[in-house]
Protein chains: 2
Amino acid sequence: MPRFVTHLEGAIDGDRLSADTLQTLHKDRPIWVRYDLAAVAKSLTKDQLRQRPQTMWRYRELLPYYGEADVVSLGERMSPLLACPRLAGRLRLEQLWIKDESQLPTGSFKSRGMAMAITMAQRFGVKRVALPTAGNAGGAAAAYAARAGLECFVFMPADTPIVNQYECQLAGARTFLVNGLINDCGRIVREGQERMGWFDLSTLKEPYRIEGKKTMGLELAEQFDWQLPDVILYPTGGGTGLIGMWKAFAELQAMGWLAPGKLPRMVAAQSTGCAPIVQAFEAGARFANPFHNAKTVASGIRVPAAIGDFMILDAIRESGGTAIAVEEERLGEWMRLAASLEGILVCPESAACVGALECLVHQGWIRADERIVIFNTGAAQKYVEASRCEIPRLDIQKPLDWERIAAPSDK
Amino acid sequence: MPRFVTHLEGAIDGDRLSADTLQTLHKDRPIWVRYDLAAVAKSLTKDQLRQRPQTMWRYRELLPYYGEADVVSLGERMSPLLACPRLAGRLRLEQLWIKDESQLPTGSFKSRGMAMAITMAQRFGVKRVALPTAGNAGGAAAAYAARAGLECFVFMPADTPIVNQYECQLAGARTFLVNGLINDCGRIVREGQERMGWFDLSTLKEPYRIEGKKTMGLELAEQFDWQLPDVILYPTGGGTGLIGMWKAFAELQAMGWLAPGKLPRMVAAQSTGCAPIVQAFEAGARFANPFHNAKTVASGIRVPAAIGDFMILDAIRESGGTAIAVEEERLGEWMRLAASLEGILVCPESAACVGALECLVHQGWIRADERIVIFNTGAAQKYVEASRCEIPRLDIQKPLDWERIAAPSDK
C-alpha cells in the first residue's frame, strides 16, 4: 500500500474498503481514497515541497502511488495560473485568473486523472483498459495506455470532435464511434467488461482518476501561497475535477496548511444544452435526473447522467457555491472574448465558465473585489467544430485588395 | 538595453548594430543578439539557476529582456524531456528521448519565439504586427499579440491545417487565406509593411524569435545536466529552432558551462515533399535554392526558401551533422509509430525526425549506444488532415458485434 494511504471508502455509505486490491464501484457508486493526513503533515513541509520538480507528482504524499518507478508519465507539469487583467476589466472584476490546463499532455486536464489511473491499473496488473468518452478523456487514456504498453478500447459518440477521434486512433487505441451519447458508450464498456477482459476506466468507476484530478486543487493552493481564491468556476460534466479539488482543499485543511478563512465557493458551469447538475441544484436534490436530448458543442460537459452527481452537489453546497447553465448559443462568443482579450484559447466548456462569471457578477453573487479563478480544462484547438467563422481569402493572381485587408472586421 | 546584451550583429557580415532600436534585417539577412558571456558566467551559477521557476524565463541573463514587468507570457514552462525506451528498442537504439514542445502554449514550440518577439516588439512601442505562417507560428503570434493587446495580421496558405486557421481567428487576429505558399504570404506582409504600419514578425526578420527558440537548447543542456546528447534531430522549415539551439550551445560553451566533449551533431529532417536544405547540404552549398512545387502534410516544414538558410547549413556543418529528407508518404506511419509506442503525439514534422533516425541508424551514421534526442515541435492534434483513417462505427440499435470489437485491427 502507498505510504500514507490508510484505506478506500465508499462515497455513498462510508464503508471501509481495502486499498490493496483494484476496486471499481461500491454499491454502484464511486470510492474515495483516504490518507493518514496527520502523518502526511508531520512528514512533509511546505519548504520541502517548494524544492521539488514542478509536476503533479510533487504532491506524492497525497497521491496513491508506490514509487517513482511505477509512475506512467508524459510530463505532467504544474499548469500555469495566468492573471487576466483585460478580461477582468471587461467583466468589471479586479482579480481574475485562468488556470490553463490546456498545457498538459494531450492538451487537457484529463491527463492528470489518466496518469494516475493508468499508473495504478498497471501496478495492479491490468493489461487492457476501456472507456466511454465525450472527447478529451479518450485522447488522454489512449496516450497513457500507449505509454504504459496497455491495450486501450475507446467508445465515443459519433459526433465527438474530430480531433479527439484522431488522437485516440493515432495513439493506437481501438476506437469506435457510437450513434448515441456517452452513457450509451458506457453501457458498451460495462457489457464487454467480462467478455473482453477490460478494466473500466470510466469517470469515477475506479478510485484513482479523482486523485489525479485532485492535484488541480493542490497546485492552486500552492500557487496562491495557501490562501485560496474566493470563487472557482469549473465546467462540469462528469464532475471529477470539481470533486477532486474539493477533496484536495479538505485534505489541506485537515493538514493545517490553508490560511484561515472560508474555502472557495465552487461554481459548476453547464450549458443550457445539458444541465442536469444545475436542475438538481435548483431543485434542492442530492441526485440528478438524466438530462434529455443533451446537445452542446462543449462535448466534455455533454454528460446527461453523472455517477458522482451527489458528490458534485455535496461539494457545491458545502462550499456555499452554485450551479449555473449558460446559453449554448453564446459559447463561441465567450471563447472569442477570452481568447482575443487574453490570448488564452479556452475550450467551449470553459467558455461556459466565462458566461457564468458574467452572469454571477451581473446578479451580484460575485463582488468586484473577489479573487476569481476559471479553469481552462482543455485547448480550444481541439474543437474546430465549435466555430464556423468564414476566413477571408486573398487571390495573389490579382492586385491585393488593401481596403479589405485594412477593414476593421470581415466577420 | 537588457543587462547582458552588448549589441546586435549582422549574421551575413558580422557588422555591429545597436540593440537600442527595433531592428529587422541587415543586408536582407538575419541579425544575432550578442551578450557579454563572461559577465553572465560571473553573475549566474548553476545552483542559482536550479532554484528558479521552471519556465523559459529562468535563463533571463541569456535573453534580451529588460525586466519581469515587460514579459508577455502565457506560461512558457520548460518542456518535458521524455525517455522513449519502446521506440528506442524498435529503432535498435539504447537511449532515446523526445523533448515534447507540444505542451507549450498554443501547443507548439512557436510560443517560445513569439513570447520573446512580442515582448520586445511591445517594449519598442509596436502596436501592430503581421506575419506569414505555415501554421503554428500564426497561432502563437495571434495568442501572444492578444495577450499584449497588439493588433495581429496573419497570412497563411489556403491549405494550412484547419486548426491553425481556427486558432488565429479565435484569438482575434485578422486572418487571411492565400492561394500560394508561405513565401507568397511573406510578400504580402512585406508589401503592406509601410501602408499598414505593420511590424514584420516573419521568421528571422527580427532578432528576437531566435532568442526565444534558443531556450530549447538551454533547457536541453540543463535537463541533461550540462552533458549534451550525441545527436539532435530537428524538423527544419525556417530553421530558427536549429539555429537557436546551436547558438545556445555556443553561448554555454563560451561560459564554460558544458561538460568537455563534442557538441551534438545536428540533424535537419525534411520531407521529400520540401527539402531545400537537404539539397543545399548535399551540394555543399551555403545557400539553398528555392524548392519547387513544395508539398507536404508537415506544414511547418513546407518552407521552400528560408532566409536563414546559411545559418542552418553552417550549424549543421559545424556540428558534424547532416540533413536528410524522408519519404513524404511515410510521415503518417512514423507518427503512429511514436504515438502508439510512447503515447507522445508527435506532429508530422517530427515524424520526419523519426524517419530520419530510422534511416541514419540503418546507414550506421548513428550508433546504437549514442544518446539521441528528437524534438516534437507541436501537437499532432493540430493536424487532423494528416491522417485519414476510417474509424469503425457501432450501431447501438442492433446487437453489438463483439467479434468486430475484439478484432485485432480494423484499419
# chains A, B, ... in the order shown; residues from 1 in each chain; ligands from 1
call {"tool": "interface_residues", "arguments": {"of": "chain A", "to": "chain B", "cutoff": "6 Å", "atoms": "only C-alpha atoms", "output": "ChimeraX atom specification"}}
result
/A:75,80,103-104,143-144,146-147,163,170-172,176-179,336,339-343,381,392-395
call {"tool": "select_by_dssp", "arguments": {"residues": "region 99-243 of chain A", "states": "strand (DSSP E or B)", "output": "MDAnalysis selection string"}}
result
chainID A and resid 99:100 108 128:132 151:157 174:178 199:200 231:235
call {"tool": "write_last_selection", "arguments": {"atoms": "N, CA, C and O atoms", "output": "CSV table (one decimal), in the first residue's frame"}}
result
chain,number,residue,atom,x,y,z
A,99,LYS,N,-6.6,29.3,-14.8
A,99,LYS,CA,-5.6,28.2,-14.7
A,99,LYS,C,-5.7,27.3,-15.9
A,99,LYS,O,-6.7,26.7,-16.2
A,100,ASP,N,-4.5,27.3,-16.7
A,100,ASP,CA,-4.6,26.8,-18.0
A,100,ASP,C,-4.1,25.4,-18.2
A,100,ASP,O,-3.0,25.1,-18.4
A,108,SER,N,-5.2,18.6,-22.4
A,108,SER,CA,-6.4,18.8,-21.5
A,108,SER,C,-6.0,18.3,-20.1
A,108,SER,O,-5.1,17.5,-19.8
A,128,ARG,N,-5.5,-4.4,-20.2
A,128,ARG,CA,-6.5,-3.9,-21.2
A,128,ARG,C,-7.5,-3.0,-20.5
A,128,ARG,O,-8.2,-3.4,-19.6
A,129,VAL,N,-7.5,-1.8,-21.0
A,129,VAL,CA,-8.5,-0.8,-20.4
A,129,VAL,C,-9.5,-0.4,-21.5
A,129,VAL,O,-9.3,-0.6,-22.7
A,130,ALA,N,-10.7,0.0,-21.0
A,130,ALA,CA,-11.7,0.5,-21.9
A,130,ALA,C,-12.4,1.7,-21.3
A,130,ALA,O,-12.5,1.7,-20.0
A,131,LEU,N,-12.9,2.6,-22.1
A,131,LEU,CA,-13.7,3.7,-21.5
A,131,LEU,C,-14.6,4.3,-22.5
A,131,LEU,O,-14.3,4.3,-23.7
A,132,PRO,N,-15.7,4.9,-22.1
A,132,PRO,CA,-16.6,5.7,-22.9
A,132,PRO,C,-16.0,7.1,-22.7
A,132,PRO,O,-15.4,7.4,-21.7
A,151,GLU,N,-3.3,-2.2,-23.7
A,151,GLU,CA,-4.3,-2.1,-24.8
A,151,GLU,C,-5.4,-1.2,-24.3
A,151,GLU,O,-5.8,-1.2,-23.2
A,152,CYS,N,-5.9,-0.4,-25.3
A,152,CYS,CA,-7.0,0.5,-24.9
A,152,CYS,C,-8.1,0.5,-25.9
A,152,CYS,O,-7.9,0.5,-27.1
A,153,PHE,N,-9.3,0.5,-25.4
A,153,PHE,CA,-10.6,0.5,-26.2
A,153,PHE,C,-11.3,1.7,-25.9
A,153,PHE,O,-11.7,2.0,-24.7
A,154,VAL,N,-11.7,2.5,-26.9
A,154,VAL,CA,-12.3,3.8,-26.6
A,154,VAL,C,-13.7,3.8,-27.4
A,154,VAL,O,-13.7,3.6,-28.6
A,155,PHE,N,-14.7,4.2,-26.7
A,155,PHE,CA,-16.1,4.3,-27.4
A,155,PHE,C,-16.5,5.8,-27.2
A,155,PHE,O,-16.6,6.3,-26.1
A,156,MET,N,-16.9,6.4,-28.3
A,156,MET,CA,-17.3,7.8,-28.3
A,156,MET,C,-18.5,8.1,-29.2
A,156,MET,O,-18.6,7.4,-30.2
A,157,PRO,N,-19.3,9.1,-28.8
A,157,PRO,CA,-20.4,9.4,-29.7
A,157,PRO,C,-19.9,9.8,-31.1
A,157,PRO,O,-18.8,10.3,-31.2
A,174,ARG,N,-8.0,1.1,-29.8
A,174,ARG,CA,-9.1,0.6,-30.7
A,174,ARG,C,-10.3,1.5,-30.4
A,174,ARG,O,-10.9,1.5,-29.4
A,175,THR,N,-10.6,2.4,-31.4
A,175,THR,CA,-11.5,3.4,-31.3
A,175,THR,C,-12.8,3.2,-32.1
A,175,THR,O,-12.7,2.7,-33.2
A,176,PHE,N,-14.0,3.4,-31.4
A,176,PHE,CA,-15.2,3.2,-32.1
A,176,PHE,C,-16.2,4.4,-31.9
A,176,PHE,O,-16.2,5.0,-30.8
A,177,LEU,N,-16.9,4.7,-33.0
A,177,LEU,CA,-17.9,5.8,-33.0
A,177,LEU,C,-19.2,5.1,-32.7
A,177,LEU,O,-19.6,4.1,-33.4
A,178,VAL,N,-20.0,5.7,-31.8
A,178,VAL,CA,-21.3,5.1,-31.4
A,178,VAL,C,-22.4,6.1,-31.7
A,178,VAL,O,-22.3,7.3,-31.4
A,199,PHE,N,-10.5,-3.5,-18.1
A,199,PHE,CA,-10.7,-2.8,-16.9
A,199,PHE,C,-11.4,-1.4,-17.2
A,199,PHE,O,-11.0,-0.7,-18.2
A,200,ASP,N,-12.5,-1.1,-16.5
A,200,ASP,CA,-13.3,0.0,-16.9
A,200,ASP,C,-12.7,1.3,-16.3
A,200,ASP,O,-12.7,1.5,-15.1
A,231,VAL,N,-13.7,32.4,-5.3
A,231,VAL,CA,-14.6,31.7,-6.1
A,231,VAL,C,-13.9,30.9,-7.2
A,231,VAL,O,-12.9,31.4,-7.8
A,232,ILE,N,-14.2,29.7,-7.4
A,232,ILE,CA,-13.7,28.9,-8.5
A,232,ILE,C,-14.8,28.5,-9.5
A,232,ILE,O,-15.8,27.9,-9.0
A,233,LEU,N,-14.6,28.8,-10.8
A,233,LEU,CA,-15.6,28.4,-11.8
A,233,LEU,C,-15.1,27.2,-12.5
A,233,LEU,O,-14.0,27.3,-13.1
A,234,TYR,N,-15.9,26.2,-12.6
A,234,TYR,CA,-15.4,24.9,-13.2
A,234,TYR,C,-16.5,24.3,-14.1
A,234,TYR,O,-17.6,24.1,-13.7
A,235,PRO,N,-16.1,24.0,-15.3
A,235,PRO,CA,-17.1,23.4,-16.2
A,235,PRO,C,-17.4,21.9,-15.8
A,235,PRO,O,-16.4,21.2,-15.5
call {"tool": "residues_around", "arguments": {"residues": "Thr272 (chain B)", "least_positions_apart": "6", "cutoff": "10 Å", "atoms": "only C-alpha atoms", "output": "ChimeraX atom specification"}}
result
/B:278,294-296,324-329,352
call {"tool": "select_by_dssp", "arguments": {"residues": "region 231-342 of chain A", "states": "helix (DSSP H, G or I)", "output": "PyMOL selection string"}}
result
chain A and resi 240-254+276-283+299-301+309-318+328-342
call {"tool": "atom_distance", "arguments": {"atom1": "CA of Ser271 (chain A)", "atom2": "CA of Val189 (chain A)"}}
result
26.5 Å
call {"tool": "residues_around", "arguments": {"residues": "Lys46 (chain A)", "least_positions_apart": "3", "cutoff": "10 Å", "atoms": "only C-alpha atoms", "output": "short mmCIF file (atom, residue, chain, number, x, y, z; two decimals) with all heavy atoms, in the first residue's frame"}}
result
data_model
loop_
_atom_site.label_atom_id
_atom_site.label_comp_id
_atom_site.auth_asym_id
_atom_site.auth_seq_id
_atom_site.Cartn_x
_atom_site.Cartn_y
_atom_site.Cartn_z
N ALA A 41 1.19 15.49 7.27
CA ALA A 41 1.56 16.82 7.78
C ALA A 41 2.86 16.77 8.57
O ALA A 41 3.64 17.72 8.57
CB ALA A 41 0.43 17.38 8.63
N LEU A 49 8.38 20.94 -0.11
CA LEU A 49 7.56 20.88 -1.32
C LEU A 49 8.09 21.86 -2.36
O LEU A 49 8.20 21.53 -3.55
CB LEU A 49 6.11 21.21 -0.95
CG LEU A 49 5.07 21.06 -2.05
CD1 LEU A 49 5.00 19.62 -2.54
CD2 LEU A 49 3.70 21.52 -1.55
N ARG A 50 8.44 23.05 -1.91
CA ARG A 50 8.89 24.11 -2.82
C ARG A 50 10.11 23.69 -3.65
O ARG A 50 10.33 24.19 -4.74
CB ARG A 50 9.20 25.37 -2.01
CG ARG A 50 8.97 26.65 -2.76
CD ARG A 50 8.98 27.87 -1.83
NE ARG A 50 7.79 27.95 -0.99
CZ ARG A 50 7.79 28.10 0.34
NH1 ARG A 50 8.93 28.17 1.00
NH2 ARG A 50 6.65 28.17 1.00
N GLN A 51 10.92 22.80 -3.11
CA GLN A 51 12.16 22.37 -3.78
C GLN A 51 11.93 21.33 -4.88
O GLN A 51 12.84 21.02 -5.64
CB GLN A 51 13.14 21.75 -2.76
CG GLN A 51 13.44 22.62 -1.56
CD GLN A 51 14.08 23.94 -1.96
OE1 GLN A 51 14.94 23.96 -2.82
NE2 GLN A 51 13.62 25.02 -1.36
N GLU A 222 -1.11 25.93 -3.69
CA GLU A 222 0.30 26.31 -3.60
C GLU A 222 0.58 27.58 -4.40
O GLU A 222 1.30 28.47 -3.95
CB GLU A 222 1.19 25.15 -4.10
CG GLU A 222 2.65 25.39 -3.76
CD GLU A 222 3.59 24.26 -4.18
OE1 GLU A 222 3.11 23.25 -4.74
OE2 GLU A 222 4.80 24.41 -3.96
N ASP A 225 -0.17 30.60 -2.65
CA ASP A 225 0.52 30.63 -1.36
C ASP A 225 -0.41 30.23 -0.21
O ASP A 225 -0.39 30.84 0.85
CB ASP A 225 1.13 32.02 -1.13
CG ASP A 225 2.25 31.97 -0.10
OD1 ASP A 225 2.80 30.88 0.15
OD2 ASP A 225 2.56 33.03 0.48
N TRP A 226 -1.23 29.22 -0.44
CA TRP A 226 -2.10 28.60 0.55
C TRP A 226 -3.24 29.50 1.02
O TRP A 226 -3.87 29.22 2.03
CB TRP A 226 -1.27 28.05 1.73
CG TRP A 226 -0.07 27.30 1.26
CD1 TRP A 226 1.23 27.73 1.29
CD2 TRP A 226 -0.04 26.01 0.61
NE1 TRP A 226 2.06 26.80 0.72
CE2 TRP A 226 1.32 25.73 0.29
CE3 TRP A 226 -1.03 25.08 0.27
CZ2 TRP A 226 1.71 24.55 -0.34
CZ3 TRP A 226 -0.64 23.91 -0.36
CH2 TRP A 226 0.71 23.66 -0.66
N TRP A 257 -2.71 23.30 6.52
CA TRP A 257 -1.87 24.02 5.55
C TRP A 257 -2.54 25.27 4.96
O TRP A 257 -1.86 26.07 4.34
CB TRP A 257 -1.46 23.09 4.40
CG TRP A 257 -0.24 22.28 4.73
CD1 TRP A 257 0.14 21.82 5.96
CD2 TRP A 257 0.77 21.85 3.80
NE1 TRP A 257 1.31 21.12 5.86
CE2 TRP A 257 1.72 21.11 4.54
CE3 TRP A 257 0.95 21.99 2.43
CZ2 TRP A 257 2.85 20.54 3.95
CZ3 TRP A 257 2.06 21.41 1.83
CH2 TRP A 257 3.01 20.70 2.59
#
